[in-house]
>>> print(open('input-v3.pdb').read())   # PDB, C-alpha atoms
ATOM      1  CA  MET I 502     374.006-187.866  45.517
ATOM      2  CA  ASN I 503     371.578-190.725  45.116
ATOM      3  CA  ARG I 504     368.763-190.856  42.574
ATOM      4  CA  LEU I 505     366.062-189.827  45.097
ATOM      5  CA  ASP I 506     367.924-186.653  45.997
ATOM      6  CA  ARG I 507     368.135-185.700  42.349
ATOM      7  CA  ILE I 508     364.358-186.017  41.649
ATOM      8  CA  ALA I 509     363.098-184.648  44.987
ATOM      9  CA  PRO I 510     362.932-180.994  43.763
ATOM     10  CA  TRP I 511     360.866-182.079  40.788
ATOM     11  CA  ILE I 512     358.460-183.949  43.051
ATOM     12  CA  TRP I 513     357.947-180.828  45.191
ATOM     13  CA  PHE I 514     357.483-178.739  42.035
ATOM     14  CA  ALA I 515     354.775-181.118  40.781
ATOM     15  CA  ILE I 516     352.951-181.009  44.134
ATOM     16  CA  VAL I 517     352.991-177.198  44.224
ATOM     17  CA  ALA I 518     351.782-176.972  40.606
ATOM     18  CA  ALA I 519     348.899-179.360  41.307
ATOM     19  CA  PHE I 520     347.889-177.340  44.373
ATOM     20  CA  CYS I 521     347.886-174.075  42.416
ATOM     21  CA  ALA I 522     345.803-175.616  39.644
ATOM     22  CA  ALA I 523     343.235-176.881  42.152
ATOM     23  CA  VAL I 524     342.929-173.451  43.781
ATOM     24  CA  CYS I 525     342.465-171.718  40.437
ATOM     25  CA  TYR I 526     339.796-174.234  39.343
ATOM     26  CA  THR I 527     337.884-173.783  42.608
ATOM     27  CA  ARG I 528     337.854-170.028  42.182
ATOM     28  CA  LEU I 529     336.670-170.303  38.590
ATOM     29  CA  ILE I 530     333.719-172.593  39.282
ATOM     30  CA  PRO I 531     331.346-169.857  40.538
ATOM     31  CA  ILE I 532     331.707-167.861  37.337
ATOM     32  CA  ILE I 533     331.173-170.824  34.974
ATOM     33  CA  PRO I 534     327.476-170.793  33.948
ATOM     34  CA  THR I 535     325.523-174.011  34.504
ATOM     35  CA  VAL I 536     323.252-175.369  31.746
ATOM     36  CA  SER I 537     320.151-177.269  32.812
ATOM     37  CA  ALA I 538     318.149-179.644  30.692
ATOM     38  CA  SER I 539     315.450-177.004  30.330
ATOM     39  CA  THR I 540     317.856-174.415  28.918
ATOM     40  CA  LEU I 541     320.014-176.730  26.862
ATOM     41  CA  GLY I 542     317.558-176.928  24.008
ATOM     42  CA  ALA I 543     317.162-173.158  23.894
ATOM     43  CA  GLN I 544     320.925-172.718  23.535
ATOM     44  CA  GLN I 545     321.289-175.246  20.747
ATOM     45  CA  PRO I 546     321.212-174.027  17.162
ATOM     46  CA  ALA I 547     317.835-174.198  15.454
ATOM     47  CA  PRO I 548     317.072-177.463  13.624
ATOM     48  CA  PRO I 549     317.658-177.533   9.882
ATOM     49  CA  ASP I 550     314.978-175.964   7.754
ATOM     50  CA  GLN I 551     312.422-178.631   6.847
ATOM     51  CA  GLY I 552     311.383-176.751   3.760
ATOM     52  CA  PRO I 553     307.813-175.794   2.824
ATOM     53  CA  ASP I 554     305.049-177.277   4.947
ATOM     54  CA  PRO I 555     303.247-179.908   2.819
ATOM     55  CA  ALA I 556     300.046-179.461   4.857
ATOM     56  CA  ALA I 557     299.854-175.783   3.909
ATOM     57  CA  VAL I 558     297.681-176.931   0.980
ATOM     58  CA  ASN I 559     294.936-177.605   3.560
ATOM     59  CA  GLN I 560     294.406-173.841   3.823
ATOM     60  CA  ALA I 561     292.288-172.127   1.215
ATOM     61  CA  PRO I 562     293.993-169.568  -1.031
ATOM     62  CA  ALA I 563     293.232-166.144   0.403
ATOM     63  CA  GLY I 564     294.621-162.687   0.827
ATOM     64  CA  PRO I 565     296.378-161.328   3.916
ATOM     65  CA  SER I 566     295.140-162.899   7.132
ATOM     66  CA  TYR I 567     294.041-161.120  10.252
ATOM     67  CA  THR I 568     294.454-162.108  13.885
ATOM     68  CA  ALA I 569     292.868-161.297  17.205
ATOM     69  CA  GLU I 570     294.960-158.129  17.260
ATOM     70  CA  ALA I 571     293.605-157.023  13.885
ATOM     71  CA  PRO I 572     289.810-157.504  13.749
ATOM     72  CA  PRO I 573     288.095-158.647  10.564
ATOM     73  CA  PRO I 574     286.628-156.107   8.162
ATOM     74  CA  ALA I 575     283.569-154.300   9.495
ATOM     75  CA  ASN I 576     281.247-155.975   7.002
ATOM     76  CA  GLN I 577     282.298-159.401   8.347
ATOM     77  CA  GLN I 578     282.021-158.711  12.066
ATOM     78  CA  GLY I 579     278.297-159.304  12.404
ATOM     79  CA  ASN I 580     276.221-157.979  15.281
ATOM     80  CA  PRO I 581     277.754-159.164  18.554
ATOM     81  CA  ALA I 582     274.525-158.418  20.391
ATOM     82  CA  THR I 583     272.565-160.988  18.399
ATOM     83  CA  GLU I 584     275.101-163.310  16.754
ATOM     84  CA  PRO I 585     278.688-164.499  17.214
ATOM     85  CA  GLU I 586     281.579-162.696  15.592
ATOM     86  CA  ASP I 587     282.368-165.973  13.814
ATOM     87  CA  SER I 588     278.822-166.527  12.512
ATOM     88  CA  ASN I 589     279.996-166.169   8.920
ATOM     89  CA  TYR I 590     282.500-169.018   9.266
ATOM     90  CA  ALA I 591     280.575-171.970  10.717
ATOM     91  CA  ASP I 592     277.293-173.854  10.521
ATOM     92  CA  GLN I 593     274.385-172.697  12.631
ATOM     93  CA  PRO I 594     274.611-173.934  16.242
ATOM     94  CA  VAL I 595     272.915-177.210  17.093
ATOM     95  CA  ALA I 596     272.955-176.774  20.882
ATOM     96  CA  ASN I 597     273.393-174.057  23.475
ATOM     97  CA  THR I 598     273.679-173.830  27.250
ATOM     98  CA  ALA I 599     274.633-171.385  29.985
ATOM     99  CA  GLU I 600     277.266-173.805  31.323
ATOM    100  CA  ALA I 601     280.853-173.691  30.036
ATOM    101  CA  PRO I 602     282.302-176.905  28.584
ATOM    102  CA  PRO I 603     285.122-178.519  30.617
ATOM    103  CA  PRO I 604     288.758-178.340  29.450
ATOM    104  CA  LEU I 605     289.859-180.838  26.823
ATOM    105  CA  PRO I 606     291.281-184.041  28.328
ATOM    106  CA  GLU I 607     294.624-185.527  27.338
ATOM    107  CA  TYR I 608     294.376-188.906  25.607
ATOM    108  CA  VAL I 609     296.118-191.300  23.239
ATOM    109  CA  GLN I 610     295.134-191.626  19.612
ATOM    110  CA  PRO I 611     294.470-195.190  18.394
ATOM    111  CA  PRO I 612     296.406-196.330  15.298
ATOM    112  CA  CYS I 613     295.077-195.213  11.942
ATOM    113  CA  PRO I 614     293.106-198.180  10.518
ATOM    114  CA  GLY I 615     294.169-197.641   6.902
ATOM    115  CA  ASP I 616     294.467-195.260   3.986
ATOM    116  CA  GLY I 617     291.747-192.679   3.473
ATOM    117  CA  TYR I 618     290.738-192.208   7.113
ATOM    118  CA  MET I 619     290.624-188.762   8.733
ATOM    119  CA  TRP I 620     290.953-188.099  12.441
ATOM    120  CA  GLN I 621     287.895-186.588  14.133
ATOM    121  CA  PRO I 622     289.112-185.258  17.489
ATOM    122  CA  GLY I 623     287.035-185.813  20.606
ATOM    123  CA  TYR I 624     284.826-183.004  21.910
ATOM    124  CA  TRP I 625     282.284-182.165  24.591
ATOM    125  CA  ALA I 626     278.621-182.466  23.563
ATOM    126  CA  TRP I 627     275.617-181.302  25.554
ATOM    127  CA  SER I 628     272.523-183.186  26.696
ATOM    128  CA  PRO I 629     269.819-182.435  29.297
ATOM    129  CA  SER I 630     272.042-184.351  31.765
ATOM    130  CA  GLY I 631     275.065-182.118  31.111
ATOM    131  CA  TYR I 632     278.249-182.321  29.098
ATOM    132  CA  TYR I 633     279.441-185.700  27.851
ATOM    133  CA  TRP I 634     282.581-186.568  25.935
ATOM    134  CA  VAL I 635     282.327-187.764  22.346
ATOM    135  CA  PRO I 636     285.414-189.946  21.793
ATOM    136  CA  GLY I 637     287.953-189.184  19.122
ATOM    137  CA  VAL I 638     287.630-191.565  16.192
ATOM    138  CA  TRP I 639     289.031-192.268  12.727
ATOM    139  CA  VAL I 640     286.468-191.496  10.027
ATOM    140  CA  GLU I 641     286.677-192.639   6.423
ATOM    141  CA  ALA I 642     286.465-189.588   4.173
ATOM    142  CA  PRO I 643     283.158-189.508   2.245
ATOM    143  CA  TYR I 644     284.846-188.362  -0.992
ATOM    144  CA  THR I 645     288.337-187.845  -2.376
ATOM    145  CA  GLY I 646     289.849-184.591  -1.213
ATOM    146  CA  ALA I 647     287.558-184.228   1.800
ATOM    147  CA  LEU I 648     289.057-182.646   4.910
ATOM    148  CA  TRP I 649     287.352-182.534   8.303
ATOM    149  CA  THR I 650     286.930-179.184  10.059
ATOM    150  CA  PRO I 651     286.039-179.969  13.701
ATOM    151  CA  GLY I 652     283.074-178.479  15.475
ATOM    152  CA  TYR I 653     283.556-176.081  18.377
ATOM    153  CA  TRP I 654     281.827-174.230  21.207
ATOM    154  CA  GLY I 655     281.591-170.440  21.028
ATOM    155  CA  PHE I 656     280.510-168.048  23.778
ATOM    156  CA  TYR I 657     278.267-165.078  23.031
ATOM    157  CA  THR I 658     275.033-163.483  24.330
ATOM    158  CA  GLY I 659     275.866-165.029  27.698
ATOM    159  CA  ARG I 660     275.596-168.622  26.456
ATOM    160  CA  TYR I 661     277.761-171.330  24.903
ATOM    161  CA  TRP I 662     276.781-172.473  21.402
ATOM    162  CA  PHE I 663     278.024-175.541  19.572
ATOM    163  CA  HIS I 664     278.820-175.286  15.860
ATOM    164  CA  PRO I 665     279.079-178.761  14.280
ATOM    165  CA  GLY I 666     281.999-179.776  12.091
ATOM    166  CA  TYR I 667     281.834-180.224   8.341
ATOM    167  CA  TRP I 668     283.678-181.624   5.303
ATOM    168  CA  GLY I 669     285.329-179.466   2.675
ATOM    169  CA  SER I 670     288.300-179.069   0.357
ATOM    170  CA  HIS I 671     290.117-176.864   2.880
ATOM    171  CA  ILE I 672     290.173-176.479   6.650
ATOM    172  CA  GLY I 673     287.859-173.804   7.986
ATOM    173  CA  TYR I 674     287.558-172.071  11.326
ATOM    174  CA  TYR I 675     287.212-174.189  14.470
ATOM    175  CA  GLY I 676     287.500-171.573  17.165
ATOM    176  CA  GLY I 677     291.289-171.487  17.395
ATOM    177  CA  ILE I 678     291.042-174.542  19.656
ATOM    178  CA  ASN I 679     294.045-176.853  19.900
ATOM    179  CA  TYR I 680     292.428-180.295  19.664
ATOM    180  CA  GLY I 681     295.787-181.982  19.119
ATOM    181  CA  PHE I 682     296.769-184.636  16.571
ATOM    182  CA  GLY I 683     297.407-182.042  13.889
ATOM    183  CA  TYR I 684     294.528-179.706  14.746
ATOM    184  CA  ILE I 685     296.727-177.061  16.329
ATOM    185  CA  GLY I 686     294.071-174.319  16.277
ATOM    186  CA  PHE I 687     294.626-173.258  12.690
ATOM    187  CA  GLY I 688     294.675-175.496   9.636
ATOM    188  CA  TYR I 689     295.515-179.176   9.887
ATOM    189  CA  GLU I 690     299.018-180.633  10.205
ATOM    190  CA  GLY I 691     298.034-184.298  10.277
ATOM    191  CA  GLY I 692     298.436-184.834   6.540
ATOM    192  CA  TYR I 693     297.214-183.752   3.122
ATOM    193  CA  TRP I 694     295.682-185.094  -0.085
ATOM    194  CA  ASN I 695     298.207-185.806  -2.817
ATOM    195  CA  GLY I 696     297.248-187.272  -6.178
ATOM    196  CA  GLY I 697     293.930-188.617  -4.917
ATOM    197  CA  ARG I 698     295.482-190.336  -1.881
ATOM    198  CA  PHE I 699     295.848-189.013   1.643
ATOM    199  CA  THR I 700     299.407-188.742   2.958
ATOM    200  CA  TYR I 701     299.803-188.941   6.747
ATOM    201  CA  ASN I 702     302.166-186.959   8.945
ATOM    202  CA  ARG I 703     303.641-189.359  11.485
ATOM    203  CA  ALA I 704     304.695-186.393  13.642
ATOM    204  CA  TYR I 705     301.036-185.930  14.653
ATOM    205  CA  ASN I 706     299.406-189.311  14.063
ATOM    206  CA  ASN I 707     299.685-192.827  15.427
ATOM    207  CA  ILE I 708     300.697-194.622  12.237
ATOM    208  CA  ASN I 709     301.265-198.319  11.581
ATOM    209  CA  GLU I 710     303.101-198.280   8.268
ATOM    210  CA  ARG I 711     302.034-201.847   7.521
ATOM    211  CA  ARG I 712     298.484-200.487   7.198
ATOM    212  CA  VAL I 713     299.157-196.942   6.056
ATOM    213  CA  HIS I 714     301.458-196.566   3.068
ATOM    214  CA  ASN I 715     301.666-192.835   2.364
ATOM    215  CA  VAL I 716     303.625-191.331   5.228
ATOM    216  CA  TYR I 717     305.924-188.359   5.819
ATOM    217  CA  SER I 718     307.238-186.462   8.836
ATOM    218  CA  TYR I 719     307.012-182.702   9.351
ATOM    219  CA  ASN I 720     306.975-180.933  12.711
ATOM    220  CA  ALA I 721     305.145-177.630  12.409
ATOM    221  CA  GLY I 722     306.525-176.548  15.799
ATOM    222  CA  ASN I 723     305.282-173.091  16.715
ATOM    223  CA  ARG I 724     303.901-172.262  13.293
ATOM    224  CA  MET I 725     300.603-171.440  14.931
ATOM    225  CA  VAL I 726     302.241-168.729  16.987
ATOM    226  CA  ALA I 727     303.632-167.241  13.784
ATOM    227  CA  ASN I 728     300.162-167.209  12.255
ATOM    228  CA  ARG I 729     298.366-166.150  15.429
ATOM    229  CA  GLU I 730     300.332-163.249  16.876
ATOM    230  CA  SER I 731     300.619-163.412  20.673
ATOM    231  CA  TYR I 732     298.611-166.649  20.659
ATOM    232  CA  ASN I 733     300.001-167.922  23.954
ATOM    233  CA  ARG I 734     299.071-164.676  25.672
ATOM    234  CA  GLN I 735     295.586-164.717  24.190
ATOM    235  CA  ASN I 736     294.951-168.337  25.139
ATOM    236  CA  ASN I 737     294.406-168.440  28.879
ATOM    237  CA  SER I 738     294.328-172.229  28.921
ATOM    238  CA  PRO I 739     296.239-174.628  26.639
ATOM    239  CA  ARG I 740     293.308-177.052  26.965
ATOM    240  CA  ALA I 741     290.579-174.477  26.317
ATOM    241  CA  SER I 742     287.562-176.187  24.782
ATOM    242  CA  PHE I 743     285.655-173.127  23.577
ATOM    243  CA  HIS I 744     286.075-169.769  21.879
ATOM    244  CA  GLY I 745     285.295-166.448  23.542
ATOM    245  CA  GLY I 746     284.483-165.330  27.057
ATOM    246  CA  THR I 747     287.248-164.667  29.569
ATOM    247  CA  SER I 748     288.840-168.132  29.588
ATOM    248  CA  GLY I 749     288.313-169.362  26.036
ATOM    249  CA  THR I 750     290.459-168.816  22.969
ATOM    250  CA  GLN I 751     290.429-165.249  21.648
ATOM    251  CA  VAL I 752     291.459-166.088  18.090
ATOM    252  CA  ARG I 753     289.307-164.763  15.287
ATOM    253  CA  PRO I 754     288.976-166.371  11.869
ATOM    254  CA  GLN I 755     291.695-165.821   9.299
ATOM    255  CA  ALA I 756     291.036-164.961   5.692
ATOM    256  CA  SER I 757     291.875-168.490   4.515
ATOM    257  CA  GLU I 758     289.320-169.911   6.961
ATOM    258  CA  ALA I 759     286.663-167.525   5.693
ATOM    259  CA  ALA I 760     287.492-168.583   2.128
ATOM    260  CA  ALA I 761     287.166-172.252   3.097
ATOM    261  CA  TRP I 762     283.685-171.596   4.465
ATOM    262  CA  ARG I 763     282.590-169.989   1.183
ATOM    263  CA  GLU I 764     283.630-173.095  -0.752
ATOM    264  CA  PRO I 765     281.336-176.105  -1.316
ATOM    265  CA  THR I 766     281.078-178.104   1.915
ATOM    266  CA  ALA I 767     279.213-181.120   3.251
ATOM    267  CA  ALA I 768     277.571-181.637   6.628
ATOM    268  CA  ARG I 769     278.811-184.347   8.955
ATOM    269  CA  MET I 770     277.653-187.804   7.961
ATOM    270  CA  SER I 771     274.730-189.445   9.745
ATOM    271  CA  THR I 772     277.186-192.024  11.096
ATOM    272  CA  GLN I 773     279.120-189.213  12.772
ATOM    273  CA  VAL I 774     275.906-187.920  14.362
ATOM    274  CA  GLN I 775     275.102-191.461  15.534
ATOM    275  CA  HIS I 776     278.594-191.723  17.018
ATOM    276  CA  GLU I 777     277.855-188.609  19.082
ATOM    277  CA  GLN I 778     274.454-189.855  20.191
ATOM    278  CA  ARG I 779     275.771-193.299  21.112
ATOM    279  CA  PHE I 780     277.793-191.958  24.018
ATOM    280  CA  GLN I 781     274.975-189.872  25.418
ATOM    281  CA  SER I 782     273.802-192.986  27.296
ATOM    282  CA  ASN I 783     277.233-193.852  28.735
ATOM    283  CA  PRO I 784     277.515-192.542  32.337
ATOM    284  CA  GLY I 785     281.322-192.725  32.239
ATOM    285  CA  GLN I 786     281.402-190.069  29.512
ATOM    286  CA  PHE I 787     279.635-187.354  31.515
ATOM    287  CA  ALA I 788     281.739-184.593  33.022
ATOM    288  CA  ASN I 789     279.690-184.513  36.212
ATOM    289  CA  ALA I 790     280.669-188.149  36.822
ATOM    290  CA  ASN I 791     284.176-188.432  35.358
ATOM    291  CA  HIS I 792     285.473-185.023  36.518
ATOM    292  CA  GLY I 793     286.830-184.249  33.073
ATOM    293  CA  GLN I 794     288.433-187.662  32.475
ATOM    294  CA  PRO I 795     286.032-189.653  30.274
ATOM    295  CA  ALA I 796     285.995-193.430  30.449
ATOM    296  CA  LYS I 797     286.474-193.646  26.680
ATOM    297  CA  PRO I 798     288.409-190.627  25.409
ATOM    298  CA  ALA I 799     288.952-192.300  22.022
ATOM    299  CA  VAL I 800     287.758-195.455  20.289
ATOM    300  CA  SER I 801     289.644-197.688  17.880
ATOM    301  CA  ARG I 802     286.648-198.832  15.816
ATOM    302  CA  PRO I 803     286.519-196.448  12.815
ATOM    303  CA  ILE I 804     283.497-194.874  11.170
ATOM    304  CA  ARG I 805     282.957-195.970   7.583
ATOM    305  CA  ALA I 806     282.179-193.439   4.883
ATOM    306  CA  ASP I 807     278.804-192.571   3.479
ATOM    307  CA  HIS I 808     279.789-191.952  -0.128
ATOM    308  CA  ASN I 809     276.422-190.337  -0.840
ATOM    309  CA  VAL I 810     277.637-187.294   1.069
ATOM    310  CA  GLN I 811     278.951-184.741  -1.418
ATOM    311  CA  PRO I 812     279.854-181.068  -1.071
ATOM    312  CA  THR I 813     277.394-178.386  -2.129
ATOM    313  CA  THR I 814     277.630-174.617  -2.411
ATOM    314  CA  ARG I 815     276.564-172.475   0.516
ATOM    315  CA  ASN I 816     273.137-171.443  -0.832
ATOM    316  CA  GLN I 817     272.266-175.116  -1.451
ATOM    317  CA  SER I 818     274.165-176.429   1.491
ATOM    318  CA  HIS I 819     273.411-178.011   4.783
ATOM    319  CA  GLY I 820     272.233-175.968   7.704
ATOM    320  CA  GLY I 821     272.394-177.074  11.279
ATOM    321  CA  GLN I 822     269.134-177.392  13.169
ATOM    322  CA  GLN I 823     269.455-175.043  16.088
ATOM    323  CA  GLY I 824     268.521-176.757  19.308
ATOM    324  CA  GLU I 825     268.382-175.368  22.806
ATOM    325  CA  HIS I 826     269.146-177.334  25.954
ATOM    326  CA  ARG I 827     268.796-175.644  29.279
TER
END
>>> encode(input="input-v3.pdb", output="structure tokens")
Amino acid sequence: MNRLDRIAPWIWFAIVAAFCAAVCYTRLIPIIPTVSASTLGAQQPAPPDQGPDPAAVNQAPAGPSYTAEAPPPANQQGNPATEPEDSNYADQPVANTAEAPPPLPEYVQPPCPGDGYMWQPGYWAWSPSGYYWVPGVWVEAPYTGALWTPGYWGFYTGRYWFHPGYWGSHIGYYGGINYGFGYIGFGYEGGYWNGGRFTYNRAYNNINERRVHNVYSYNAGNRMVANRESYNRQNNSPRASFHGGTSGTQVRPQASEAAAWREPTAARMSTQVQHEQRFQSNPGQFANANHGQPAKPAVSRPIRADHNVQPTTRNQSHGGQQGEHR
């Protein structure tokens, strides 16, 4: 018997075994679950705990918070027939109109120009010619410890009213609007004051570390959902630019935001008002011409601080001049 005759049975055995393996594999394929890119992340273990959120210090110390599902105490609700439910948490409106502001546009933040600058997110302002976009801009804080609470539009009595932003030691109520860049609708995740210097969160800001020296990284993730129960269901649009009505945010102020409003605060600086007025004459900023995509969504030239601006208590404090534009 030659060598080939001796190994032939083993060759046939190998062929049969390979065939059986192939058949079994083919039959198994339909019951093996497939994992797409969209589901892969959900099946991965949660990322390591980052520890306490450093930017939590931006919220004023307060008792238990309330959400849209648990209305504020009766003595803080106001009269919805004559004033907004959030009237105790923001400056008096400076403009009002029957027309709803457009959704917030997506845009890129310019690099932070240096230490001590706060991001003022862009927003829609109103003029007799309609809504125009005020570009996002870096603003030098007027005093150490100052945090910027953005302005916002609120809907009540059948009209939209704009409450201007203000400076304070903690972040107040800004309508539950997600302006981005750390302003996720509640508090501020873009950084915090530490030892008289502002420390920036690179997870939310465009940071050049050759210019900005105090930097950390913390991703708040869905912390807003944890603080605002059922937030995604209550927010009909992720780019909602106003509070109230049927398509705006439905998030009411939390206790920490009410506490921030009772603290000493300062009105926006005159340079911030001038920044708003400057773009009122730019046709490319108007919604009726740019269809919601302003020519200049953000500007890189920062606004310098007016160090004469200092916080005052509420009974001495600033009050917005209510204006009406029809």
>>> resolve_selection(input="input-v3.pdb", expression="the PyMOL selection byres ((chain I and resi 763-774) around 8)", output="list of chain:residue names")
I:Pro665, I:Gly666, I:Tyr667, I:Trp668, I:Gly669, I:Ser670, I:Ala759, I:Ala760, I:Ala761, I:Trp762, I:Gln775, I:His776, I:Glu777, I:Gln778, I:Ile804, I:Arg805, I:Ala806, I:Asp807, I:Val810, I:Gln811, I:Pro812, I:Thr813, I:Thr814, I:Arg815, I:Ser818, I:His819, I:Gly820
>>> closest_residue(input="input-v3.pdb", among="I:Tyr717, I:Tyr674, I:Trp620, I:Phe743", to="I:Asn589", atoms="only C-alpha atoms")
I:Tyr674
>>> closest_residue(input="input-v3.pdb", among="I:Val558, I:Ala642, I:Val752, I:Ile708", to="I:Cys613", atoms="all atoms listed in the file")
I:Ile708
>>> atom_distance(input="input-v3.pdb", atom1="atom CA of I:Ala756", atom2="atom CA of I:Phe682")
23.2 Å
>>> atom_distance(input="input-v3.pdb", atom1="atom CA of I:Tyr719", atom2="atom CA of I:Phe699")
15.0 Å
>>> atom_distance(input="input-v3.pdb", atom1="atom CA of I:Ser757", atom2="atom CA of I:Pro553")
17.6 Å
>>> resolve_selection(input="input-v3.pdb", expression="the PyMOL selection byres ((chain I and resi 800) around 10)", output="list in words")
Val609, Gln610, Pro611, Gly623, Val635, Pro636, Gly637, Val638, Trp639, Lys797, Pro798, Ala799, Ser801, Arg802 and Pro803 of chain I
>>> residues_around(input="input-v3.pdb", residues="stretch 783-796 of chain I", least_positions_apart="2", cutoff="10 Å", atoms="all atoms listed in the file", output="PyMOL selection string")
chain I and resi 602-608+625-628+630-636+778-781+798-799
>>> closest_residue(input="input-v3.pdb", among="I:Glu758, I:Asp554, I:Glu710, I:Asp616", to="I:Gly697", atoms="only C-alpha atoms")
I:Asp616
>>> resolve_selection(input="input-v3.pdb", expression="the PyMOL selection byres ((chain I and resi 714) around 9)", output="NGL selection string")
:I and (615-616 or 700-701 or 709-713 or 715-716)
>>> closest_residue(input="input-v3.pdb", among="I:Asn679, I:Asn706, I:Asn559, I:Asn720", to="I:Ala647", atoms="only C-alpha atoms")
I:Asn559
